[in-house]
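What follows is start_31.txt (compact mmCIF, C-alpha atoms and all ligand atoms).
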```
# COMPACT_ATOMS: atom_id res chain seq x y z
CA MET A 79 18.91 10.45 9.93
CA ASN A 80 16.54 11.91 12.47
CA VAL A 81 13.15 10.80 11.18
CA GLY A 82 9.51 10.79 12.30
CA PHE A 83 7.23 7.90 11.34
CA ILE A 84 3.46 8.27 11.32
CA GLY A 85 1.17 5.25 10.84
CA LEU A 86 2.00 1.98 12.55
CA GLY A 87 -0.51 -0.34 10.88
CA HIS A 88 0.27 -3.69 9.20
CA MET A 89 2.91 -2.10 6.97
CA GLY A 90 4.19 0.80 9.06
CA VAL A 91 5.21 -1.28 12.05
CA GLY A 92 7.73 -3.31 10.03
CA MET A 93 8.98 -0.30 8.06
CA ALA A 94 9.63 1.75 11.21
CA ALA A 95 11.42 -1.23 12.78
CA ASN A 96 13.70 -1.44 9.73
CA LEU A 97 14.51 2.28 9.97
CA LEU A 98 15.65 1.62 13.53
CA LYS A 99 17.69 -1.40 12.40
CA GLY A 100 19.23 0.84 9.72
CA GLY A 101 20.65 3.03 12.48
CA HIS A 102 18.25 5.97 12.12
CA ARG A 103 16.83 7.93 15.05
CA VAL A 104 13.11 7.25 14.77
CA THR A 105 10.25 9.05 16.49
CA VAL A 106 6.96 7.19 16.06
CA TYR A 107 3.37 8.39 16.14
CA ASN A 108 0.16 6.43 15.73
CA ARG A 109 -3.45 7.46 16.29
CA THR A 110 -3.93 4.34 18.43
CA LEU A 111 -0.98 4.76 20.78
CA ALA A 112 -0.76 1.12 21.90
CA LYS A 113 0.56 0.08 18.46
CA ALA A 114 3.71 2.15 19.14
CA GLU A 115 4.74 0.02 22.14
CA PRO A 116 6.74 -2.65 20.24
CA LEU A 117 8.67 0.09 18.43
CA VAL A 118 9.46 1.92 21.65
CA ALA A 119 10.75 -1.39 23.03
CA GLN A 120 13.08 -1.52 20.00
CA GLY A 121 14.46 1.95 20.70
CA ALA A 122 12.07 4.39 19.01
CA ARG A 123 11.09 7.63 20.70
CA LEU A 124 7.35 7.99 21.28
CA ALA A 125 5.70 11.14 19.92
CA ALA A 126 2.69 12.36 21.84
CA SER A 127 1.43 14.30 18.82
CA ILE A 128 1.88 14.57 15.06
CA SER A 129 3.81 17.75 15.60
CA ASP A 130 6.25 15.89 17.91
CA ALA A 131 7.08 13.53 15.02
CA CYS A 132 7.92 16.46 12.71
CA GLU A 133 11.09 17.78 14.29
CA GLY A 134 13.69 15.87 12.27
CA ASP A 135 15.17 15.82 8.77
CA ALA A 136 12.16 13.92 7.40
CA VAL A 137 8.82 12.43 8.30
CA VAL A 138 7.49 9.24 6.72
CA THR A 139 3.74 8.63 6.52
CA MET A 140 2.26 5.14 6.05
CA LEU A 141 -1.46 5.70 6.56
CA ALA A 142 -4.60 3.99 5.33
CA ASP A 143 -5.99 6.39 2.73
CA ASP A 144 -6.44 9.96 1.48
CA GLU A 145 -8.59 10.93 4.44
CA ALA A 146 -6.00 9.77 6.99
CA VAL A 147 -3.15 11.48 5.15
CA GLU A 148 -5.15 14.72 4.83
CA ARG A 149 -5.92 14.57 8.53
CA VAL A 150 -2.27 14.38 9.58
CA ALA A 151 -0.85 16.66 6.87
CA TYR A 152 -3.15 19.66 7.00
CA GLY A 153 -4.41 21.90 9.78
CA ASP A 154 -2.89 23.33 12.97
CA GLY A 155 -0.15 21.08 14.31
CA GLY A 156 -0.20 18.99 11.11
CA ILE A 157 2.87 18.02 9.08
CA ILE A 158 2.75 21.05 6.76
CA ASP A 159 2.34 23.37 9.74
CA ARG A 160 5.25 21.83 11.70
CA LEU A 161 7.89 20.36 9.42
CA PRO A 162 11.09 22.51 9.35
CA PRO A 163 12.09 24.25 6.10
CA ARG A 164 13.85 21.90 3.61
CA ALA A 165 12.78 18.84 5.61
CA VAL A 166 11.14 16.10 3.52
CA HIS A 167 7.74 14.47 3.81
CA VAL A 168 8.08 10.93 2.43
CA SER A 169 4.59 9.67 1.64
CA CYS A 170 4.53 5.85 1.40
CA SER A 171 0.74 5.37 1.63
CA THR A 172 -1.19 4.39 -1.48
CA ILE A 173 -3.09 7.63 -2.05
CA SER A 174 -4.74 9.39 -4.98
CA VAL A 175 -2.79 11.12 -7.71
CA ALA A 176 -4.80 14.27 -6.93
CA LEU A 177 -3.86 14.35 -3.22
CA SER A 178 -0.21 13.68 -4.01
CA ARG A 179 -0.23 16.69 -6.36
CA ARG A 180 -1.87 18.88 -3.70
CA LEU A 181 0.61 17.78 -1.03
CA SER A 182 3.51 18.50 -3.35
CA ASP A 183 2.23 22.06 -3.92
CA ALA A 184 1.48 22.69 -0.24
CA HIS A 185 4.91 21.52 0.91
CA ALA A 186 6.63 23.62 -1.75
CA LYS A 187 4.69 26.67 -0.58
CA ALA A 188 5.78 25.98 3.01
CA GLY A 189 9.45 25.69 1.95
CA GLN A 190 9.48 21.94 2.58
CA ARG A 191 10.05 19.05 0.19
CA PHE A 192 7.78 16.16 -0.77
CA VAL A 193 8.65 12.71 -2.07
CA ALA A 194 6.01 10.14 -2.99
CA ALA A 195 7.37 6.67 -2.24
CA PRO A 196 4.56 4.10 -2.32
CA VAL A 197 5.62 0.48 -1.97
CA PHE A 198 4.94 -2.96 -3.43
CA GLY A 199 4.92 -5.89 -1.01
CA ARG A 200 2.72 -7.17 1.79
CA PRO A 201 3.31 -6.84 5.57
CA GLU A 202 5.67 -9.86 5.61
CA ALA A 203 7.81 -8.12 2.97
CA ALA A 204 7.70 -4.87 4.95
CA ALA A 205 8.95 -6.66 8.07
CA ALA A 206 11.67 -8.46 6.11
CA ARG A 207 12.88 -5.30 4.28
CA ARG A 208 11.86 -6.82 0.98
CA LEU A 209 9.60 -4.01 -0.25
CA PHE A 210 9.99 -2.47 -3.69
CA VAL A 211 9.82 1.31 -3.40
CA VAL A 212 8.53 3.42 -6.30
CA ALA A 213 9.78 6.95 -5.70
CA ALA A 214 9.21 10.28 -7.41
CA GLY A 215 10.10 13.86 -6.56
CA GLU A 216 12.73 16.50 -7.03
CA PRO A 217 16.13 14.71 -7.40
CA GLY A 218 17.74 16.54 -4.44
CA ALA A 219 14.88 15.52 -2.16
CA ILE A 220 15.08 11.89 -3.29
CA GLU A 221 18.82 11.86 -2.70
CA ALA A 222 18.34 13.35 0.76
CA VAL A 223 15.97 10.56 1.81
CA SER A 224 17.66 7.69 -0.04
CA PRO A 225 19.14 6.28 3.22
CA LEU A 226 15.57 5.94 4.49
CA LEU A 227 14.30 4.31 1.29
CA GLU A 228 17.23 1.89 1.37
CA ALA A 229 16.41 0.95 4.95
CA ILE A 230 12.80 0.00 4.20
CA GLY A 231 13.11 -1.86 0.90
CA GLN A 232 15.19 -4.18 -1.24
CA LYS A 233 15.14 -1.81 -4.23
CA THR A 234 14.03 1.72 -5.06
CA PHE A 235 12.82 2.70 -8.54
CA VAL A 236 12.87 6.44 -9.21
CA VAL A 237 10.23 7.07 -11.85
CA SER A 238 9.87 10.85 -12.18
CA ASP A 239 10.61 14.33 -10.81
CA THR A 240 6.88 14.74 -10.29
CA PRO A 241 5.75 13.01 -7.06
CA GLN A 242 2.26 11.98 -8.20
CA ALA A 243 3.77 9.85 -11.00
CA ALA A 244 4.87 7.34 -8.35
CA ASN A 245 1.30 7.12 -7.05
CA LEU A 246 -0.01 6.44 -10.54
CA VAL A 247 2.56 3.66 -11.06
CA LYS A 248 1.61 2.12 -7.70
CA LEU A 249 -2.14 2.27 -8.48
CA SER A 250 -1.61 0.73 -11.91
CA GLY A 251 0.36 -2.09 -10.25
CA ASN A 252 -2.43 -2.83 -7.79
CA PHE A 253 -4.90 -2.86 -10.67
CA LEU A 254 -2.74 -5.56 -12.29
CA ILE A 255 -2.55 -7.60 -9.06
CA ALA A 256 -6.33 -7.48 -8.66
CA SER A 257 -6.71 -8.55 -12.31
CA VAL A 258 -4.52 -11.57 -11.58
CA ILE A 259 -6.54 -12.44 -8.47
CA GLU A 260 -9.81 -12.28 -10.42
CA SER A 261 -8.54 -14.31 -13.39
CA LEU A 262 -6.82 -16.88 -11.17
CA GLY A 263 -10.09 -17.26 -9.25
CA GLU A 264 -12.00 -17.85 -12.49
CA ALA A 265 -9.49 -20.39 -13.81
CA MET A 266 -9.35 -22.21 -10.48
CA ALA A 267 -13.16 -22.41 -10.28
CA LEU A 268 -13.19 -23.88 -13.78
CA VAL A 269 -10.77 -26.70 -12.99
CA GLU A 270 -12.17 -27.32 -9.51
CA LYS A 271 -15.68 -27.82 -10.90
CA ALA A 272 -14.26 -30.37 -13.32
CA GLY A 273 -12.84 -32.29 -10.36
CA ILE A 274 -9.19 -31.25 -10.75
CA ASP A 275 -7.34 -30.49 -7.53
CA PRO A 276 -6.80 -26.69 -7.51
CA ARG A 277 -3.53 -27.00 -5.53
CA ARG A 278 -2.06 -29.42 -8.06
CA TYR A 279 -3.30 -27.13 -10.86
CA LEU A 280 -1.55 -24.19 -9.22
CA GLU A 281 1.64 -26.18 -8.83
CA VAL A 282 1.65 -26.86 -12.57
CA LEU A 283 1.06 -23.21 -13.47
CA THR A 284 3.51 -21.67 -11.01
CA SER A 285 6.23 -24.16 -11.95
CA SER A 286 5.89 -23.38 -15.65
CA LEU A 287 4.42 -20.33 -17.38
CA PHE A 288 3.45 -18.38 -14.27
CA ASP A 289 6.53 -18.72 -12.09
CA THR A 290 6.14 -15.34 -10.36
CA PRO A 291 5.48 -14.21 -6.77
CA ILE A 292 2.02 -12.75 -7.49
CA TYR A 293 0.65 -16.02 -8.93
CA LYS A 294 2.27 -18.06 -6.14
CA THR A 295 1.18 -15.84 -3.25
CA TYR A 296 -2.37 -15.16 -4.39
CA GLY A 297 -2.94 -18.60 -5.90
CA GLY A 298 -1.97 -20.12 -2.56
CA LEU A 299 -4.31 -17.81 -0.65
CA ILE A 300 -7.23 -18.59 -2.98
CA ALA A 301 -6.60 -22.36 -2.99
CA GLY A 302 -6.31 -22.42 0.81
CA GLY A 303 -9.24 -20.06 1.37
CA SER A 304 -6.83 -18.19 3.70
CA PHE A 305 -8.34 -14.74 3.77
CA GLU A 306 -8.03 -14.04 7.50
CA PRO A 307 -6.24 -12.30 9.10
CA ALA A 308 -6.06 -9.84 6.23
CA GLY A 309 -2.56 -8.80 5.14
CA PHE A 310 -4.10 -6.27 2.75
CA ALA A 311 -7.69 -5.67 3.78
CA ALA A 312 -10.50 -5.66 1.19
CA PRO A 313 -11.54 -2.02 1.90
CA LEU A 314 -7.98 -0.90 1.06
CA GLY A 315 -8.07 -2.89 -2.19
CA TYR A 316 -11.42 -1.34 -3.06
CA LYS A 317 -9.93 2.10 -2.36
CA ASP A 318 -7.00 1.42 -4.72
CA ILE A 319 -9.13 0.25 -7.64
CA ARG A 320 -11.34 3.30 -7.23
CA LEU A 321 -8.25 5.54 -7.17
CA ALA A 322 -6.90 3.88 -10.31
CA LEU A 323 -10.26 4.46 -12.02
CA ALA A 324 -10.34 8.09 -10.84
CA ALA A 325 -6.90 8.68 -12.35
CA ALA A 326 -8.03 6.90 -15.52
CA GLU A 327 -11.13 9.08 -15.71
CA ASP A 328 -9.03 12.26 -15.39
CA LEU A 329 -6.75 11.07 -18.18
CA ARG A 330 -9.67 9.80 -20.30
CA VAL A 331 -8.43 6.20 -20.28
CA PRO A 332 -11.20 3.60 -20.30
CA MET A 333 -10.32 0.60 -18.09
CA PRO A 334 -13.20 -1.88 -18.42
CA VAL A 335 -11.40 -4.55 -16.36
CA GLY A 336 -10.90 -1.94 -13.63
CA SER A 337 -14.65 -1.29 -13.54
CA LEU A 338 -15.31 -5.03 -13.19
CA LEU A 339 -12.80 -5.28 -10.33
CA ARG A 340 -14.46 -2.37 -8.55
CA ASP A 341 -17.75 -4.31 -8.65
CA ARG A 342 -16.08 -7.56 -7.52
CA LEU A 343 -14.60 -5.82 -4.47
CA LEU A 344 -17.91 -4.09 -3.80
CA THR A 345 -19.66 -7.49 -3.90
CA LEU A 346 -17.14 -8.84 -1.39
CA LEU A 347 -17.73 -5.90 0.95
CA ALA A 348 -21.51 -6.18 0.58
CA HIS A 349 -21.29 -9.83 1.69
CA GLY A 350 -19.45 -9.09 4.91
CA GLY A 351 -15.90 -9.13 3.56
CA GLU A 352 -14.71 -5.93 5.28
CA HIS A 353 -12.28 -7.86 7.50
CA LEU A 354 -11.04 -10.25 4.79
CA ASP A 355 -7.92 -10.00 2.65
CA TRP A 356 -8.68 -8.53 -0.79
CA SER A 357 -7.68 -11.86 -2.35
CA ALA A 358 -11.08 -13.15 -1.16
CA ILE A 359 -12.49 -11.80 -4.46
CA GLY A 360 -10.64 -14.78 -5.94
CA ARG A 361 -13.21 -17.08 -4.34
CA LEU A 362 -16.23 -15.28 -5.81
CA PRO A 363 -15.97 -17.12 -9.16
CA ALA A 364 -16.21 -20.45 -7.28
CA THR A 365 -19.32 -19.23 -5.48
CA ASP A 366 -20.78 -18.10 -8.82
CA ALA A 367 -20.04 -21.60 -10.15
CA GLY A 368 -22.04 -23.20 -7.33
CA LEU A 369 -19.01 -24.67 -5.60
CA PRO A 370 -19.05 -24.91 -1.79
CA SER A 371 -17.17 -22.15 0.08
CA ALA A 372 -13.52 -23.08 0.68
N1 LIG X 401 -1.10 -4.17 3.59
C1 LIG X 401 -0.51 -4.28 2.41
O1 LIG X 401 -0.30 -5.38 1.88
C2 LIG X 401 -0.07 -3.02 1.67
C3 LIG X 401 0.90 -3.14 0.68
C4 LIG X 401 1.35 -1.99 0.01
C5 LIG X 401 0.78 -0.75 0.31
N2 LIG X 401 -0.21 -0.68 1.26
C6 LIG X 401 -0.77 0.65 1.54
O2 LIG X 401 -0.12 1.10 2.71
C7 LIG X 401 -1.02 1.92 3.50
C8 LIG X 401 -1.13 1.31 4.89
O3 LIG X 401 -1.63 -0.01 4.77
P1 LIG X 401 -1.76 -1.00 6.04
O4 LIG X 401 -2.09 -2.34 5.51
O5 LIG X 401 -0.59 -0.79 6.95
O6 LIG X 401 -3.09 -0.38 6.72
P2 LIG X 401 -3.61 -0.55 8.21
O7 LIG X 401 -3.00 -1.74 8.86
O8 LIG X 401 -5.09 -0.44 8.13
O9 LIG X 401 -3.02 0.75 8.94
C9 LIG X 401 -3.52 2.03 8.65
C10 LIG X 401 -2.81 3.09 9.46
O10 LIG X 401 -3.45 4.35 9.20
C11 LIG X 401 -3.90 4.93 10.43
N3 LIG X 401 -5.12 5.69 10.20
C12 LIG X 401 -6.24 5.27 9.55
N4 LIG X 401 -7.17 6.27 9.52
C13 LIG X 401 -6.60 7.31 10.18
C14 LIG X 401 -7.04 8.62 10.47
N5 LIG X 401 -8.25 9.06 10.06
N6 LIG X 401 -6.20 9.45 11.16
C15 LIG X 401 -4.99 9.01 11.55
N7 LIG X 401 -4.51 7.78 11.31
C16 LIG X 401 -5.30 6.94 10.62
C17 LIG X 401 -4.11 3.74 11.34
O11 LIG X 401 -4.12 4.17 12.69
P3 LIG X 401 -4.82 3.26 13.83
O12 LIG X 401 -3.80 2.25 14.21
O13 LIG X 401 -5.15 4.22 14.89
O14 LIG X 401 -6.06 2.64 13.20
C18 LIG X 401 -2.89 2.89 10.98
O15 LIG X 401 -1.73 3.40 11.57
C19 LIG X 401 -2.33 1.94 2.71
O16 LIG X 401 -2.36 3.10 1.91
C20 LIG X 401 -2.25 0.69 1.85
O17 LIG X 401 -3.05 0.82 0.68
C21 LIG X 401 -0.61 -1.78 1.97
```

For this file, produce the structure as structure tokens.
Amino acid sequence: MNVGFIGLGHMGVGMAANLLKGGHRVTVYNRTLAKAEPLVAQGARLAASISDACEGDAVVTMLADDEAVERVAYGDGGIIDRLPPRAVHVSCSTISVALSRRLSDAHAKAGQRFVAAPVFGRPEAAAARRLFVVAAGEPGAIEAVSPLLEAIGQKTFVVSDTPQAANLVKLSGNFLIASVIESLGEAMALVEKAGIDPRRYLEVLTSSLFDTPIYKTYGGLIAGGSFEPAGFAAPLGYKDIRLALAAAEDLRVPMPVGSLLRDRLLTLLAHGGEHLDWSAIGRLPATDAGLPSA
């Protein structure tokens, strides 16, 4: 396919590279142009503007947050202004349910199609084509972009005809990951204060009842105190918990653990954690317990 790709951050750079490897013609755009250089070296065409990246069958966006997506989607020369009729905007960023709904309506009005396709997996998974894609949208639109979804991930789950459903599933998943980070951090502080080696403790848990990638990945990061460089930065994690709570508020679903996680991430940010991985909240329980920083 002839596809534009906007947003070459930690995740986007690997995803765009995999579209190229999948044989697609890829035109890349990034606000900070220098980040496009490695992709151009791999055969991508460089777009000088957002509009330049909107000339193909589809455009994929992988941007930080609602504000960034709004900035590239709306306005003169934005995606909605420039994308050809019937072309598809594939939105992979983790954005709000409300923005996804608005984008879906705006694209429909402009005669274009919109698929929400947020992903699970960190930058290493993006680079290795191991992402899990959660997609939603009109079936014809999903079918049209399925070669792109196949090129970026190991598996695509289609959850609904309504795009914003995929965003809700993604946000609920990140809420669960953050819950695991917090509870792992508490359990690890408990055993560490009793003099038990947290790495050995983790080995026991992840070789028995908790033999899953989330416990292994995040347990390892917490035990090693390896929060830099951030694979998923704390401000993005904070954004996601807030978006999950906003969706919960709209649907009148109390999520007390979500409120606690919002405060944990806020505490991390207030103590200079802007540049750290979000898993650094997993060390806060140890600090609360009077243990030395890792
Ligand atoms: N990292 C993960 O583990 C992970 C996993 C799953 C999903 N996600 C989600 O994927 C999305 C991207 O994450 P990431 O880790 O790749 O983030 P990132 O490294 O911070 O990259 C963010 C991208 O958005 C662009 N951007 C930010 N603000 C912008 C604005 N106002 N106008 C135009 N472009 C703007 C950045 O451009 P510049 O280069 O110019 O700054 C960059 O290309 C987020 O929604 C995140 O929640 C991340």

Do you have, as a Markdown table, the list of residues of chain A lying at most 7 Å from ligand LIG 401 (chain X), each with its nearest atom pair and that distance in Å to one decimal, counting only C-alpha atoms and all ligand atoms and ordered by chain then number?
```
| residue | atom | partner | partner_atom | distance |
| --- | --- | --- | --- | --- |
| A:Gly85 | CA | X:LIG401 | O15 | 3.5 |
| A:Leu86 | CA | X:LIG401 | O15 | 4.1 |
| A:Gly87 | CA | X:LIG401 | O9 | 3.4 |
| A:His88 | CA | X:LIG401 | O5 | 3.8 |
| A:Met89 | CA | X:LIG401 | O5 | 3.7 |
| A:Gly90 | CA | X:LIG401 | O5 | 5.5 |
| A:Asn108 | CA | X:LIG401 | O15 | 5.5 |
| A:Arg109 | CA | X:LIG401 | O13 | 3.9 |
| A:Thr110 | CA | X:LIG401 | O13 | 3.7 |
| A:Lys113 | CA | X:LIG401 | O12 | 6.5 |
| A:Met140 | CA | X:LIG401 | C8 | 5.2 |
| A:Leu141 | CA | X:LIG401 | O10 | 3.6 |
| A:Ala142 | CA | X:LIG401 | C9 | 4.0 |
| A:Asp143 | CA | X:LIG401 | O16 | 5.0 |
| A:Glu145 | CA | X:LIG401 | N5 | 5.9 |
| A:Ala146 | CA | X:LIG401 | C14 | 3.8 |
| A:Arg149 | CA | X:LIG401 | N6 | 5.8 |
| A:Val150 | CA | X:LIG401 | C15 | 6.3 |
| A:Cys170 | CA | X:LIG401 | O2 | 6.8 |
| A:Ser171 | CA | X:LIG401 | O16 | 3.9 |
| A:Thr172 | CA | X:LIG401 | O16 | 3.8 |
| A:Ile173 | CA | X:LIG401 | O16 | 6.1 |
| A:Pro196 | CA | X:LIG401 | C5 | 6.7 |
| A:Val197 | CA | X:LIG401 | C4 | 5.3 |
| A:Phe198 | CA | X:LIG401 | C4 | 5.1 |
| A:Gly199 | CA | X:LIG401 | C3 | 5.2 |
| A:Arg200 | CA | X:LIG401 | O1 | 3.5 |
| A:Pro201 | CA | X:LIG401 | O1 | 5.4 |
| A:Gly309 | CA | X:LIG401 | N1 | 5.1 |
| A:Phe310 | CA | X:LIG401 | N1 | 3.8 |
| A:Ala311 | CA | X:LIG401 | O4 | 6.7 |
| A:Leu314 | CA | X:LIG401 | O17 | 5.2 |
| A:Gly315 | CA | X:LIG401 | O17 | 6.9 |
| A:Asp318 | CA | X:LIG401 | O17 | 6.7 |
```

(request) Choose the residue, out of A:Leu97, A:Ala204, A:Val106, A:Val81, that has the smallest atom-to-atom separation from A:Gly134; count only C-alpha atoms. (result)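 Counting only C-alpha atoms, the residue closest to A:Gly134 is A:Val81.
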
Expected answer as an mmCIF file with C-alpha atoms, keeping the file's coordinate frame: all residues with atoms within 7 Å of (8.7, -2.9, 5.6), all atoms listed in the file:
```
data_model
loop_
_atom_site.group_PDB
_atom_site.id
_atom_site.type_symbol
_atom_site.label_atom_id
_atom_site.label_comp_id
_atom_site.auth_asym_id
_atom_site.auth_seq_id
_atom_site.Cartn_x
_atom_site.Cartn_y
_atom_site.Cartn_z
ATOM 1 C CA MET A 89 2.910 -2.100 6.970
ATOM 2 C CA GLY A 90 4.190 0.800 9.060
ATOM 3 C CA GLY A 92 7.730 -3.310 10.030
ATOM 4 C CA MET A 93 8.980 -0.300 8.060
ATOM 5 C CA ASN A 96 13.700 -1.440 9.730
ATOM 6 C CA PRO A 201 3.310 -6.840 5.570
ATOM 7 C CA ALA A 203 7.810 -8.120 2.970
ATOM 8 C CA ALA A 204 7.700 -4.870 4.950
ATOM 9 C CA ALA A 205 8.950 -6.660 8.070
ATOM 10 C CA ALA A 206 11.670 -8.460 6.110
ATOM 11 C CA ARG A 207 12.880 -5.300 4.280
ATOM 12 C CA ARG A 208 11.860 -6.820 0.980
ATOM 13 C CA LEU A 209 9.600 -4.010 -0.250
ATOM 14 C CA ILE A 230 12.800 0.000 4.200
ATOM 15 C CA GLY A 231 13.110 -1.860 0.900
#
```

Please determine an axis-aligned box that encloses all atoms of stretch 235-244 of chain A listed in the file, with 4 Å added on each side, and express its centre and edge lengths in Å to one decimal as JSON.
```
{"center_x": 7.6, "center_y": 8.7, "center_z": -9.6, "size_x": 18.6, "size_y": 20.0, "size_z": 13.1}
```

(message) If we draw a sphere of 12 Å around (-5.2, -12.0, -12.3), which residues have at least one atom in it when counting all atoms listed in the file? Please report them as a ChimeraX atom specification.
(response) /A:251-266,288,290,292-297,300,335-336,339,357,359-360

Using only C-alpha atoms, which protein or nucleic acid residues come within 12 Å of stretch 329-334 of chain A? Drop anything in the same chain fewer than 4 positions from it, and give the result as a PDB file with C-alpha atoms, in the frame of the given file.
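The result, stored in result-v8.pdb:
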```pdb
ATOM      1  CA  VAL A 175      -2.790  11.120  -7.710  1.00  0.00           C
ATOM      2  CA  ALA A 176      -4.800  14.270  -6.930  1.00  0.00           C
ATOM      3  CA  LEU A 246      -0.010   6.440 -10.540  1.00  0.00           C
ATOM      4  CA  SER A 250      -1.610   0.730 -11.910  1.00  0.00           C
ATOM      5  CA  PHE A 253      -4.900  -2.860 -10.670  1.00  0.00           C
ATOM      6  CA  LEU A 254      -2.740  -5.560 -12.290  1.00  0.00           C
ATOM      7  CA  SER A 257      -6.710  -8.550 -12.310  1.00  0.00           C
ATOM      8  CA  ILE A 319      -9.130   0.250  -7.640  1.00  0.00           C
ATOM      9  CA  ARG A 320     -11.340   3.300  -7.230  1.00  0.00           C
ATOM     10  CA  ALA A 322      -6.900   3.880 -10.310  1.00  0.00           C
ATOM     11  CA  LEU A 323     -10.260   4.460 -12.020  1.00  0.00           C
ATOM     12  CA  ALA A 324     -10.340   8.090 -10.840  1.00  0.00           C
ATOM     13  CA  ALA A 325      -6.900   8.680 -12.350  1.00  0.00           C
ATOM     14  CA  LEU A 338     -15.310  -5.030 -13.190  1.00  0.00           C
ATOM     15  CA  LEU A 339     -12.800  -5.280 -10.330  1.00  0.00           C
ATOM     16  CA  ARG A 340     -14.460  -2.370  -8.550  1.00  0.00           C
ATOM     17  CA  ASP A 341     -17.750  -4.310  -8.650  1.00  0.00           C
TER      18      ASP A 341
END
```

(message) Report, in Å with one decimal, the straight-line distance from atom CA of A:Leu161 to atom CA of A:Glu133.
(response)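 For atom CA of A:Leu161 relative to atom CA of A:Glu133, the distance reads 6.4 Å.
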
(message) Can you tell me which residues surround A:Gly303 at a distance of at most 9 Å, considering all atoms listed in the file, apart from same-chain residues fewer than 4 positions away, and format the answer as a list of chain:residue names?
(response)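 Skipping anything fewer than 4 positions along the chain leaves A:Gly298, A:Leu299, A:Ala358, A:Arg361, A:Ser371, A:Ala372.
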
(message) Excluding stretch 243-245 of chain A and its own-chain neighbours fewer than 5 positions away, which residues fall within 6 Å of it when counting only C-alpha atoms? Please give them as a ChimeraX atom specification.
(response) /A:175,212-214

Any chance you can output those residues with C-alpha atoms as a PDB file, keeping the file's coordinate frame?
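part.pdb written:
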```
ATOM      1  CA  VAL A 175      -2.790  11.120  -7.710  1.00  0.00           C
ATOM      2  CA  VAL A 212       8.530   3.420  -6.300  1.00  0.00           C
ATOM      3  CA  ALA A 213       9.780   6.950  -5.700  1.00  0.00           C
ATOM      4  CA  ALA A 214       9.210  10.280  -7.410  1.00  0.00           C
TER       5      ALA A 214
END
```
